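To be precise, the following lines are model25.cif, and they hold mmCIF, C-alpha atoms.
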```
data_data
loop_
_atom_site.group_PDB
_atom_site.id
_atom_site.type_symbol
_atom_site.label_atom_id
_atom_site.label_comp_id
_atom_site.auth_asym_id
_atom_site.auth_seq_id
_atom_site.Cartn_x
_atom_site.Cartn_y
_atom_site.Cartn_z
ATOM 1 C CA MET A 23 -40.181 174.565 46.624
ATOM 2 C CA LYS A 24 -39.718 171.581 48.886
ATOM 3 C CA LYS A 25 -37.367 168.839 47.849
ATOM 4 C CA THR A 26 -38.819 165.376 47.823
ATOM 5 C CA VAL A 27 -36.657 162.998 49.803
ATOM 6 C CA SER A 28 -37.003 159.404 48.775
ATOM 7 C CA ALA A 29 -36.907 156.875 51.562
ATOM 8 C CA LYS A 30 -33.993 154.512 51.321
ATOM 9 C CA ARG A 31 -34.814 150.896 51.567
ATOM 10 C CA PRO A 32 -32.792 148.998 54.129
ATOM 11 C CA ARG A 33 -30.327 146.616 52.610
ATOM 12 C CA THR A 34 -31.271 143.044 53.064
ATOM 13 C CA ARG A 35 -29.296 139.899 52.473
ATOM 14 C CA SER A 36 -30.662 137.569 49.923
ATOM 15 C CA ALA A 37 -31.672 134.107 51.064
ATOM 16 C CA LYS A 38 -28.893 132.724 48.929
ATOM 17 C CA ALA A 39 -26.263 134.806 50.736
ATOM 18 C CA LYS A 40 -27.317 133.356 54.086
ATOM 19 C CA GLU A 41 -26.867 129.810 52.975
ATOM 20 C CA PRO A 42 -23.439 128.208 53.378
ATOM 21 C CA THR A 43 -21.613 127.592 50.142
ATOM 22 C CA ASP A 44 -20.870 124.079 48.933
ATOM 23 C CA SER A 45 -17.249 124.663 49.922
ATOM 24 C CA GLY A 46 -18.323 125.824 53.391
ATOM 25 C CA ARG A 47 -20.510 122.768 53.871
ATOM 26 C CA ARG A 48 -17.683 120.455 52.841
ATOM 27 C CA LEU A 49 -15.288 122.143 55.253
ATOM 28 C CA GLY A 50 -17.875 121.905 58.028
ATOM 29 C CA GLU A 51 -18.388 118.199 57.349
ATOM 30 C CA MET A 52 -14.621 117.673 57.298
ATOM 31 C CA ALA A 53 -14.296 119.457 60.634
ATOM 32 C CA TYR A 54 -17.155 117.365 62.060
ATOM 33 C CA ARG A 55 -15.411 114.129 61.062
ATOM 34 C CA ARG A 56 -12.035 115.317 62.301
ATOM 35 C CA ILE A 57 -13.379 116.250 65.743
ATOM 36 C CA LEU A 58 -15.020 112.833 66.120
ATOM 37 C CA GLU A 59 -11.830 111.100 64.954
ATOM 38 C CA GLY A 60 -9.850 113.090 67.530
ATOM 39 C CA LEU A 61 -12.270 111.982 70.245
ATOM 40 C CA PHE A 62 -12.363 108.332 69.183
ATOM 41 C CA ASP A 63 -8.585 107.988 68.780
ATOM 42 C CA ARG A 64 -8.168 109.649 72.205
ATOM 43 C CA ARG A 65 -6.265 112.749 71.085
ATOM 44 C CA ILE A 66 -9.204 114.505 72.763
ATOM 45 C CA SER A 67 -10.001 113.000 76.144
ATOM 46 C CA ALA A 68 -13.649 112.163 76.848
ATOM 47 C CA GLY A 69 -14.993 114.512 79.515
ATOM 48 C CA SER A 70 -12.238 117.059 78.957
ATOM 49 C CA PHE A 71 -12.496 120.841 78.646
ATOM 50 C CA ILE A 72 -10.598 122.310 75.706
ATOM 51 C CA SER A 73 -10.563 125.767 74.162
ATOM 52 C CA GLN A 74 -11.516 126.529 70.590
ATOM 53 C CA GLY A 75 -7.943 127.660 69.901
ATOM 54 C CA GLU A 76 -6.504 124.409 71.247
ATOM 55 C CA LEU A 77 -8.881 122.421 69.043
ATOM 56 C CA MET A 78 -7.857 124.446 65.995
ATOM 57 C CA GLN A 79 -4.185 123.646 66.633
ATOM 58 C CA LEU A 80 -4.717 120.023 67.609
ATOM 59 C CA LEU A 81 -6.888 119.158 64.594
ATOM 60 C CA ASP A 82 -5.491 121.709 62.104
ATOM 61 C CA LEU A 83 -8.890 123.270 61.435
ATOM 62 C CA PRO A 84 -9.922 126.786 60.324
ATOM 63 C CA VAL A 85 -12.081 128.690 62.773
ATOM 64 C CA GLN A 86 -15.375 128.902 60.849
ATOM 65 C CA PRO A 87 -15.661 125.211 59.877
ATOM 66 C CA LEU A 88 -14.698 124.338 63.456
ATOM 67 C CA ARG A 89 -17.479 126.532 64.842
ATOM 68 C CA ASP A 90 -20.009 125.064 62.412
ATOM 69 C CA ALA A 91 -19.023 121.519 63.400
ATOM 70 C CA LEU A 92 -19.103 122.314 67.118
ATOM 71 C CA ARG A 93 -22.668 123.618 66.845
ATOM 72 C CA VAL A 94 -23.788 120.402 65.141
ATOM 73 C CA LEU A 95 -21.995 118.222 67.690
ATOM 74 C CA GLU A 96 -23.534 120.183 70.556
ATOM 75 C CA THR A 97 -26.981 119.572 69.064
ATOM 76 C CA GLU A 98 -26.141 115.859 68.860
ATOM 77 C CA GLY A 99 -25.060 115.781 72.509
ATOM 78 C CA ILE A 100 -21.382 114.933 71.903
ATOM 79 C CA LEU A 101 -20.144 118.125 73.529
ATOM 80 C CA LYS A 102 -21.290 121.281 75.293
ATOM 81 C CA ILE A 103 -20.019 124.751 74.460
ATOM 82 C CA HIS A 104 -19.340 126.933 77.527
ATOM 83 C CA ALA A 105 -18.982 130.618 76.742
ATOM 84 C CA ARG A 106 -16.096 131.207 79.147
ATOM 85 C CA SER A 107 -14.458 127.882 79.938
ATOM 86 C CA GLY A 108 -14.327 126.192 76.540
ATOM 87 C CA ILE A 109 -15.762 123.025 75.033
ATOM 88 C CA GLU A 110 -16.735 120.140 77.299
ATOM 89 C CA PHE A 111 -16.724 116.713 75.645
ATOM 90 C CA LEU A 112 -19.153 113.967 76.585
ATOM 91 C CA LYS A 113 -17.992 111.409 79.147
ATOM 92 C CA ALA A 114 -19.666 108.003 79.250
ATOM 93 C CA ASP A 115 -21.532 107.017 82.388
ATOM 94 C CA LEU A 116 -24.039 104.346 83.363
ATOM 95 C CA GLU A 117 -27.060 106.434 82.396
ATOM 96 C CA LEU A 118 -25.685 107.178 78.925
ATOM 97 C CA ALA A 119 -24.968 103.483 78.358
ATOM 98 C CA ARG A 120 -28.418 102.365 79.502
ATOM 99 C CA SER A 121 -30.247 105.059 77.528
ATOM 100 C CA THR A 122 -28.254 104.445 74.358
ATOM 101 C CA TYR A 123 -28.739 100.689 74.341
ATOM 102 C CA GLN A 124 -32.396 100.966 75.264
ATOM 103 C CA PHE A 125 -32.961 103.317 72.315
ATOM 104 C CA ARG A 126 -30.945 101.086 69.939
ATOM 105 C CA SER A 127 -32.970 98.077 71.038
ATOM 106 C CA ILE A 128 -36.278 99.854 70.385
ATOM 107 C CA ILE A 129 -35.205 100.763 66.847
ATOM 108 C CA GLU A 130 -33.412 97.584 65.843
ATOM 109 C CA ARG A 131 -35.860 95.015 67.219
ATOM 110 C CA SER A 132 -38.399 96.167 64.668
ATOM 111 C CA ALA A 133 -35.697 96.412 62.011
ATOM 112 C CA ALA A 134 -34.563 92.827 62.671
ATOM 113 C CA ARG A 135 -38.055 91.539 61.918
ATOM 114 C CA THR A 136 -38.158 93.525 58.685
ATOM 115 C CA TYR A 137 -34.675 92.368 57.707
ATOM 116 C CA ALA A 138 -35.649 88.725 58.284
ATOM 117 C CA GLU A 139 -38.642 89.182 55.992
ATOM 118 C CA THR A 140 -37.150 91.293 53.206
ATOM 119 C CA ALA A 141 -33.353 91.036 52.998
ATOM 120 C CA GLU A 142 -31.754 89.335 50.013
ATOM 121 C CA THR A 143 -30.671 85.798 50.837
ATOM 122 C CA GLY A 144 -27.275 86.431 49.283
ATOM 123 C CA GLU A 145 -26.663 89.467 51.476
ATOM 124 C CA ILE A 146 -27.488 87.539 54.659
ATOM 125 C CA ALA A 147 -25.356 84.581 53.558
ATOM 126 C CA GLN A 148 -22.384 86.868 52.856
ATOM 127 C CA LEU A 149 -22.632 88.478 56.271
ATOM 128 C CA ILE A 150 -22.768 85.037 57.878
ATOM 129 C CA ALA A 151 -19.713 83.885 55.908
ATOM 130 C CA ASP A 152 -17.711 86.989 56.853
ATOM 131 C CA HIS A 153 -18.630 86.623 60.526
ATOM 132 C CA ARG A 154 -17.633 82.956 60.525
ATOM 133 C CA ALA A 155 -14.303 83.732 58.832
ATOM 134 C CA LEU A 156 -13.378 86.261 61.520
ATOM 135 C CA LEU A 157 -14.626 83.911 64.246
ATOM 136 C CA GLU A 158 -12.265 81.197 62.994
ATOM 137 C CA ARG A 159 -9.323 83.602 62.969
ATOM 138 C CA LEU A 160 -10.007 84.672 66.547
ATOM 139 C CA GLN A 161 -10.428 81.086 67.700
ATOM 140 C CA ASP A 162 -7.083 80.300 66.043
ATOM 141 C CA GLY A 163 -5.396 82.963 68.156
ATOM 142 C CA ALA A 164 -5.520 86.127 66.033
ATOM 143 C CA SER A 165 -4.819 89.287 68.058
ATOM 144 C CA VAL A 166 -7.182 92.174 68.721
ATOM 145 C CA GLU A 167 -4.803 94.505 66.870
ATOM 146 C CA SER A 168 -4.888 92.410 63.696
ATOM 147 C CA THR A 169 -8.675 92.015 63.694
ATOM 148 C CA ALA A 170 -9.975 95.296 65.163
ATOM 149 C CA GLU A 171 -10.568 96.991 61.806
ATOM 150 C CA GLU A 172 -12.359 93.949 60.387
ATOM 151 C CA MET A 173 -14.476 93.648 63.533
ATOM 152 C CA GLU A 174 -15.511 97.293 63.286
ATOM 153 C CA SER A 175 -16.445 96.820 59.633
ATOM 154 C CA LEU A 176 -18.605 93.815 60.505
ATOM 155 C CA GLU A 177 -20.312 95.781 63.286
ATOM 156 C CA GLN A 178 -21.187 98.583 60.887
ATOM 157 C CA ARG A 179 -22.359 96.243 58.123
ATOM 158 C CA PHE A 180 -24.443 94.131 60.499
ATOM 159 C CA HIS A 181 -26.289 96.952 62.249
ATOM 160 C CA GLY A 182 -26.322 99.194 59.180
ATOM 161 C CA SER A 183 -27.955 96.538 56.994
ATOM 162 C CA ILE A 184 -30.613 95.799 59.587
ATOM 163 C CA ILE A 185 -31.495 99.477 60.062
ATOM 164 C CA ALA A 186 -31.462 100.165 56.306
ATOM 165 C CA SER A 187 -34.164 97.518 55.813
ATOM 166 C CA LEU A 188 -36.693 99.929 57.381
ATOM 167 C CA ARG A 189 -36.062 102.434 54.553
ATOM 168 C CA ASN A 190 -36.604 105.344 56.912
ATOM 169 C CA PRO A 191 -34.152 108.283 56.613
ATOM 170 C CA MET A 192 -35.166 109.693 60.011
ATOM 171 C CA ILE A 193 -34.297 106.414 61.725
ATOM 172 C CA GLU A 194 -31.008 106.193 59.841
ATOM 173 C CA THR A 195 -30.076 109.718 60.992
ATOM 174 C CA THR A 196 -30.909 108.803 64.602
ATOM 175 C CA ALA A 197 -28.927 105.582 64.290
ATOM 176 C CA ARG A 198 -25.843 107.519 63.164
ATOM 177 C CA ARG A 199 -26.134 109.712 66.244
ATOM 178 C CA LEU A 200 -26.471 106.655 68.488
ATOM 179 C CA LYS A 201 -23.417 105.134 66.795
ATOM 180 C CA ASN A 202 -21.368 108.111 67.999
ATOM 181 C CA TYR A 203 -22.651 107.585 71.547
ATOM 182 C CA VAL A 204 -21.662 103.922 71.358
ATOM 183 C CA ALA A 205 -18.155 104.889 70.222
ATOM 184 C CA VAL A 206 -17.808 107.236 73.223
ATOM 185 C CA ILE A 207 -19.061 104.529 75.586
ATOM 186 C CA ARG A 208 -16.614 101.979 74.178
ATOM 187 C CA LEU A 209 -13.629 104.245 74.812
ATOM 188 C CA ASP A 210 -13.576 102.764 78.336
ATOM 189 C CA LEU A 211 -14.083 99.190 77.152
ATOM 190 C CA THR A 212 -10.992 97.103 76.437
ATOM 191 C CA ALA A 213 -11.473 94.855 73.425
ATOM 192 C CA THR A 214 -10.376 91.239 73.963
ATOM 193 C CA PRO A 215 -10.688 88.133 71.757
ATOM 194 C CA PRO A 216 -13.272 86.509 74.103
ATOM 195 C CA ARG A 217 -15.498 89.609 73.977
ATOM 196 C CA MET A 218 -15.165 89.792 70.195
ATOM 197 C CA ILE A 219 -16.024 86.095 69.878
ATOM 198 C CA ARG A 220 -19.163 86.508 71.988
ATOM 199 C CA THR A 221 -20.263 89.483 69.886
ATOM 200 C CA ILE A 222 -19.752 87.584 66.631
ATOM 201 C CA ARG A 223 -21.734 84.610 67.902
ATOM 202 C CA GLU A 224 -24.579 86.907 68.945
ATOM 203 C CA HIS A 225 -24.575 88.472 65.473
ATOM 204 C CA LEU A 226 -24.644 85.013 63.930
ATOM 205 C CA ASP A 227 -27.697 84.057 65.994
ATOM 206 C CA VAL A 228 -29.549 87.039 64.524
ATOM 207 C CA LEU A 229 -28.338 86.405 60.975
ATOM 208 C CA GLU A 230 -29.166 82.699 61.032
ATOM 209 C CA ALA A 231 -32.702 83.517 62.212
ATOM 210 C CA CYS A 232 -32.968 85.995 59.326
ATOM 211 C CA LEU A 233 -31.708 83.379 56.871
ATOM 212 C CA ALA A 234 -34.402 81.009 58.168
ATOM 213 C CA ARG A 235 -36.958 83.800 57.606
ATOM 214 C CA ASP A 236 -37.989 83.714 61.266
ATOM 215 C CA PRO A 237 -38.754 87.320 62.313
ATOM 216 C CA ALA A 238 -39.635 86.426 65.918
ATOM 217 C CA ALA A 239 -36.378 84.543 66.428
ATOM 218 C CA ALA A 240 -34.398 87.386 64.805
ATOM 219 C CA GLU A 241 -35.972 89.922 67.156
ATOM 220 C CA ALA A 242 -35.347 87.712 70.191
ATOM 221 C CA ALA A 243 -31.709 87.143 69.204
ATOM 222 C CA LEU A 244 -31.128 90.858 68.677
ATOM 223 C CA THR A 245 -32.723 91.671 72.046
ATOM 224 C CA HIS A 246 -30.365 89.187 73.706
ATOM 225 C CA HIS A 247 -27.391 90.706 71.846
ATOM 226 C CA PHE A 248 -28.124 94.200 73.145
ATOM 227 C CA GLN A 249 -28.713 92.943 76.692
ATOM 228 C CA ALA A 250 -25.420 91.052 76.641
ATOM 229 C CA ALA A 251 -23.553 94.012 75.083
ATOM 230 C CA LEU A 252 -24.896 96.361 77.731
ATOM 231 C CA GLN A 253 -23.812 93.978 80.497
ATOM 232 C CA ARG A 254 -20.304 93.875 79.019
ATOM 233 C CA ILE A 255 -20.215 97.669 78.972
ATOM 234 C CA LEU A 256 -21.693 98.171 82.447
ATOM 235 C CA GLY A 257 -18.902 96.040 83.800
ATOM 236 C CA MET A 258 -16.418 98.614 82.522
ATOM 237 C CA VAL A 259 -18.072 102.061 82.708
#
```
Structure re-expressed in structure tokens:
Amino acid sequence: MKKTVSAKRPRTRSAKAKEPTDSGRRLGEMAYRRILEGLFDRRISAGSFISQGELMQLLDLPVQPLRDALRVLETEGILKIHARSGIEFLKADLELARSTYQFRSIIERSAARTYAETAETGEIAQLIADHRALLERLQDGASVESTAEEMESLEQRFHGSIIASLRNPMIETTARRLKNYVAVIRLDLTATPPRMIRTIREHLDVLEACLARDPAAAEAALTHHFQAALQRILGMV
């Protein structure tokens, strides 16, 4: 009598097992932020090659979250992973600056019109007041060191509010990626009070057009701001 042999089913992972855990996602996001912070505070030099092991030691990161973050950052164009020579970080050049500011201008020109039409008057007025307060401090001789954090906050609030007016998550995701490119580009740009003053005045031109509910003037002022910002950067890259 022949024995019946039952075929064994191959073991398969459940879909749930393939997904990263909440803890894994949080660690990956932490590693992502820490790598960017290391790049922006110059512990990692733009354009440098560095091994995975060196990054782990420098940033105090476990290997798996580091690998997860590196894959995301490679997709975003901040770095390139070379199988044998390590991780190559992005270095700003003229083409990156032109492409980044051209893309920002395309997105934010439309957003400026929408912001002028839909933003709360109180929100615009508050942004204007905060810009004017920092402008006065700089004109009174405040140093870059004492105002850099406030200037960065104003930059993020100004551009972030304009982009948010479109209510488009895909555009917001793209804008975050472009913000990282801008930070890399600005690593070679020395902040000075005159440059900060010009930037604030350009922001104010946009905001005052928005307060007047003039979409065409808001778009024109934002276009000028990006052209002027790119010229400031091209002088340094």
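Counting only C-alpha atoms, A:Leu118 has the following residues at most 12 Å away, ignoring those fewer than 4 positions along the same chain: A:Gly99, A:Ile100, A:Leu112, A:Lys113, A:Ala114, A:Thr122, A:Tyr123, A:Gln124, A:Phe125, A:Leu200, A:Asn202, A:Tyr203, A:Val204, A:Ala205, A:Val206, A:Ile207, A:Arg208, A:Leu252, A:Ile255, A:Leu256, A:Val259.
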Compile the contact shell of A:Leu77 as a PDB file with C-alpha atoms, keeping the file's coordinate frame: residues with an atom at most 12 Å away, counting only C-alpha atoms, same-chain residues fewer than 3 positions apart removed.
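The result, stored in result-v6.pdb:
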```
ATOM      1  CA  ALA A  53     -14.296 119.457  60.634  1.00  0.00           C
ATOM      2  CA  TYR A  54     -17.155 117.365  62.060  1.00  0.00           C
ATOM      3  CA  ARG A  56     -12.035 115.317  62.301  1.00  0.00           C
ATOM      4  CA  ILE A  57     -13.379 116.250  65.743  1.00  0.00           C
ATOM      5  CA  LEU A  58     -15.020 112.833  66.120  1.00  0.00           C
ATOM      6  CA  GLY A  60      -9.850 113.090  67.530  1.00  0.00           C
ATOM      7  CA  LEU A  61     -12.270 111.982  70.245  1.00  0.00           C
ATOM      8  CA  ARG A  65      -6.265 112.749  71.085  1.00  0.00           C
ATOM      9  CA  ILE A  66      -9.204 114.505  72.763  1.00  0.00           C
ATOM     10  CA  SER A  67     -10.001 113.000  76.144  1.00  0.00           C
ATOM     11  CA  SER A  70     -12.238 117.059  78.957  1.00  0.00           C
ATOM     12  CA  PHE A  71     -12.496 120.841  78.646  1.00  0.00           C
ATOM     13  CA  ILE A  72     -10.598 122.310  75.706  1.00  0.00           C
ATOM     14  CA  SER A  73     -10.563 125.767  74.162  1.00  0.00           C
ATOM     15  CA  GLN A  74     -11.516 126.529  70.590  1.00  0.00           C
ATOM     16  CA  LEU A  80      -4.717 120.023  67.609  1.00  0.00           C
ATOM     17  CA  LEU A  81      -6.888 119.158  64.594  1.00  0.00           C
ATOM     18  CA  ASP A  82      -5.491 121.709  62.104  1.00  0.00           C
ATOM     19  CA  LEU A  83      -8.890 123.270  61.435  1.00  0.00           C
ATOM     20  CA  PRO A  84      -9.922 126.786  60.324  1.00  0.00           C
ATOM     21  CA  VAL A  85     -12.081 128.690  62.773  1.00  0.00           C
ATOM     22  CA  PRO A  87     -15.661 125.211  59.877  1.00  0.00           C
ATOM     23  CA  LEU A  88     -14.698 124.338  63.456  1.00  0.00           C
ATOM     24  CA  ARG A  89     -17.479 126.532  64.842  1.00  0.00           C
ATOM     25  CA  ALA A  91     -19.023 121.519  63.400  1.00  0.00           C
ATOM     26  CA  LEU A  92     -19.103 122.314  67.118  1.00  0.00           C
ATOM     27  CA  GLY A 108     -14.327 126.192  76.540  1.00  0.00           C
ATOM     28  CA  ILE A 109     -15.762 123.025  75.033  1.00  0.00           C
ATOM     29  CA  GLU A 110     -16.735 120.140  77.299  1.00  0.00           C
ATOM     30  CA  PHE A 111     -16.724 116.713  75.645  1.00  0.00           C
TER      31      PHE A 111
END
```
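Taking atom CA of A:Ala186 as the reference point, atom CA of A:Arg93 is found at 27.2 Å.
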- Message: as a PyMOL selection string, please: the residues near A:Gln253 (cut-off 12 Å, all atoms listed in the file, same-chain neighbours under 4 positions excluded).
- Response: chain A and resi 116+119-120+123+211+217+246-249+257-259
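Note on the selection: in this file the PyMOL selection byres ((chain A and resi 244) around 8) comes out as Ser127, Glu130, Arg131, Ala134, Glu224, His225, Val228, Ala240, Glu241, Ala242, Ala243, Thr245, His246, His247 and Phe248 of chain A.
Nearest-residue note for A:Ala238: choosing from A:Ala138, A:Met192, A:Leu226, A:Leu149, the minimum distance belongs to A:Ala138, counting all atoms listed in the file.
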- Item | For atom CA of A:Asp90 and atom CA of A:Gly50, the interatomic separation in Å (one decimal) | 5.8 Å
- Please write as a PyMOL selection string the full residue list that the PyMOL selection byres ((chain A and resi 222) around 9) yields on this file. chain A and resi 153-154+156-157+173+176-177+217-221+223-227
- Point out the residue among A:Ala234, A:Ala251, A:Leu229, A:Ile184 with the least atom-to-atom distance to A:Ile129, counting only C-alpha atoms. A:Ile184
- Query: Suppose you want the space between atom CA of A:Glu167 and atom CA of A:Thr214; what is it in Å?
  - Reply: 9.6 Å
